[in-house]
Amino acid sequence: MRTLTLRTLTPTPIMPIMTPSETPTLPSPALIEALDQLGTAEFYEPFLSWLHDAFGTEQCMVFFCRDGQNVSTLLYKDFAQDESARELAERYVSERHYLQDPNFDTLRAMKAGDTEVARLDDLTTDMNRRYREAFFKKPGFMDKLAIIRGTDNGNFYINLYRRAERLDARFDDPAFTRQATRLIAAMISKHFQLNEQLLQEGPLAFLSEREQQVCRAVLRGKKNEAIAAELDIAVSSVITYRKRAYDKLGISSRGQLFALCT
């Protein structure tokens, strides 16, 4: 007579089936493309599209403060009124309105590796009437999210705006805000750290094409006559474009241009 030995089998754990609502959300194509293009000139379009699609951002401004004193423009985009973004960025820098910005003291003193976030509601009591009129009421902004990121090379100031209503309601959640703003700040700071040339050219962002060409030539050490020959324009035109560019940048000399862009 045979004796059968029964073995007790350990049951294989059954993995729970995830419903569509429980499936982890994958990054959007625009976010993936932006990450893939970090450090290149192709980064901006997918990055801005992601901000617009993911959070309803209607305008984005990115400024940079290298020395704790002066601010330059790295990026501006208004999905509804792009000329408005150019005008606001130009006035903010050339007329030194950043000195009245309630966030300026934080921007100039931010330590490398730190990130600070502020909403428009947090700033209203420290904002003078003329500044609010020019940069919020006139362009029609109802809300702003400011992200300040400190790095060893200088500090980044990232601003997201919305006109029709307040920004994405998820930003009312501190945990969501910490994660989202950390990602945005990391992308901007890493992008310019990967390509120092883009950071150096950032202050020229809102100049016309000719004004940029003249300024780049000045930064290469070229004189007016050489610039005129290179661009096939008159020396008087070089002087005019340079003066317009300096006025927009809020500077008055070649030395100040070098200090701003290097």
# chains A, B, ... in the order shown; residues from 1 in each chain; ligands from 1
>>> select_by_dssp(residues="segment 6-115 of chain A", states="strand (DSSP E or B)", output="list in words")
Gln59, Cys60, Met61, Val62, Phe63, Phe64, Cys65, Ser72, Thr73, Leu74, Leu75, Tyr76, Lys77, Asp78 and Thr115 of chain A
>>> residues_around(residues="Cys65 of chain A", least_positions_apart="2", cutoff="9 Å", atoms="only C-alpha atoms", output="ChimeraX atom specification")
/A:63,67-72,107-108,154-157
>>> write_last_selection(atoms="N, CA and C atoms", output="PDB file, in the first residue's frame")
ATOM      1  N   PHE A  63      13.505  85.324 -14.924  1.00  0.00           N
ATOM      2  CA  PHE A  63      14.566  86.311 -14.768  1.00  0.00           C
ATOM      3  C   PHE A  63      15.737  85.683 -14.021  1.00  0.00           C
ATOM      4  N   ASP A  67      24.389  88.800  -9.462  1.00  0.00           N
ATOM      5  CA  ASP A  67      25.246  89.501  -8.512  1.00  0.00           C
ATOM      6  C   ASP A  67      24.525  90.066  -7.299  1.00  0.00           C
ATOM      7  N   GLY A  68      23.231  89.772  -7.163  1.00  0.00           N
ATOM      8  CA  GLY A  68      22.482  90.317  -6.046  1.00  0.00           C
ATOM      9  C   GLY A  68      22.057  91.754  -6.238  1.00  0.00           C
ATOM     10  N   GLN A  69      22.349  92.317  -7.419  1.00  0.00           N
ATOM     11  CA  GLN A  69      22.026  93.715  -7.684  1.00  0.00           C
ATOM     12  C   GLN A  69      21.181  93.900  -8.938  1.00  0.00           C
ATOM     13  N   ASN A  70      21.594  93.275 -10.034  1.00  0.00           N
ATOM     14  CA  ASN A  70      20.939  93.468 -11.330  1.00  0.00           C
ATOM     15  C   ASN A  70      20.175  92.224 -11.756  1.00  0.00           C
ATOM     16  N   VAL A  71      19.092  92.452 -12.486  1.00  0.00           N
ATOM     17  CA  VAL A  71      18.235  91.366 -12.966  1.00  0.00           C
ATOM     18  C   VAL A  71      18.198  91.392 -14.489  1.00  0.00           C
ATOM     19  N   SER A  72      18.280  90.231 -15.113  1.00  0.00           N
ATOM     20  CA  SER A  72      18.170  90.135 -16.565  1.00  0.00           C
ATOM     21  C   SER A  72      17.063  89.141 -16.933  1.00  0.00           C
ATOM     22  N   LEU A 107      15.021  87.221  -3.790  1.00  0.00           N
ATOM     23  CA  LEU A 107      15.777  86.825  -4.975  1.00  0.00           C
ATOM     24  C   LEU A 107      17.266  87.093  -4.808  1.00  0.00           C
ATOM     25  N   ARG A 108      17.621  88.250  -4.305  1.00  0.00           N
ATOM     26  CA  ARG A 108      19.030  88.622  -4.214  1.00  0.00           C
ATOM     27  C   ARG A 108      19.758  87.872  -3.105  1.00  0.00           C
ATOM     28  N   GLY A 154      24.090  82.012  -9.516  1.00  0.00           N
ATOM     29  CA  GLY A 154      23.111  83.090  -9.491  1.00  0.00           C
ATOM     30  C   GLY A 154      21.743  82.523  -9.178  1.00  0.00           C
ATOM     31  N   ASN A 155      20.750  83.401  -9.091  1.00  0.00           N
ATOM     32  CA  ASN A 155      19.415  82.967  -8.677  1.00  0.00           C
ATOM     33  C   ASN A 155      18.382  83.176  -9.771  1.00  0.00           C
ATOM     34  N   PHE A 156      17.511  82.182  -9.914  1.00  0.00           N
ATOM     35  CA  PHE A 156      16.477  82.193 -10.945  1.00  0.00           C
ATOM     36  C   PHE A 156      15.138  82.612 -10.337  1.00  0.00           C
ATOM     37  N   TYR A 157      14.378  83.380 -11.119  1.00  0.00           N
ATOM     38  CA  TYR A 157      13.093  83.912 -10.672  1.00  0.00           C
ATOM     39  C   TYR A 157      12.062  83.540 -11.732  1.00  0.00           C
TER      40      TYR A 157
END
>>> select_by_dssp(residues="segment 11-178 of chain A", states="alpha helix (DSSP H)", output="PyMOL selection string")
chain A and resi 29-36+44-55+82-94+104-109+120-123+129-132+174-178
>>> residues_around(residues="Asp78 of chain A", least_positions_apart="5", cutoff="9 Å", atoms="only C-alpha atoms", output="VMD selection string")
chain A and resid 57 to 61 83 to 86
>>> closest_residue(among="A:Ala54, A:Ser28, A:Leu35, A:Gly150", to="Asp168 of chain A", atoms="only C-alpha atoms")
A:Ala54
>>> closest_atom_pairs(of="segment 60-100 of chain A", to="segment 113-131 of chain A", cutoff="10 Å", atoms="only C-alpha atoms", output="Markdown table")
| residue | atom | partner | partner_atom | distance |
| --- | --- | --- | --- | --- |
| A:Tyr92 | CA | A:Tyr131 | CA | 9.8 |
| A:His97 | CA | A:Tyr131 | CA | 7.6 |
| A:Tyr98 | CA | A:Tyr131 | CA | 9.4 |
| A:Gln100 | CA | A:Tyr131 | CA | 6.9 |
>>> atom_distance(atom1="atom CA of Cys261 of chain A", atom2="atom CA of Leu198 of chain A")
9.9 Å
>>> residues_around(residues="Ile251 of chain A", least_positions_apart="6", cutoff="10 Å", atoms="only C-alpha atoms", output="PyMOL selection string")
chain A and resi 94+243+245+257+260
>>> atom_distance(atom1="atom CA of Asn224 of chain A", atom2="atom CA of Ser237 of chain A")
9.5 Å
>>> residues_around(residues="Val214 of chain A", least_positions_apart="3", cutoff="8 Å", atoms="only C-alpha atoms", output="list in words")
Arg210, Glu211, Ala217, Val218, Ile227, Val238, Tyr241 and Arg242 of chain A
>>> atom_distance(atom1="atom CA of Lys223 of chain A", atom2="atom CA of Leu207 of chain A")
19.7 Å
>>> closest_residue(among="A:Arg182, A:Phe136, A:Phe55, A:Ile188", to="Ala34 of chain A", atoms="only C-alpha atoms")
A:Ile188
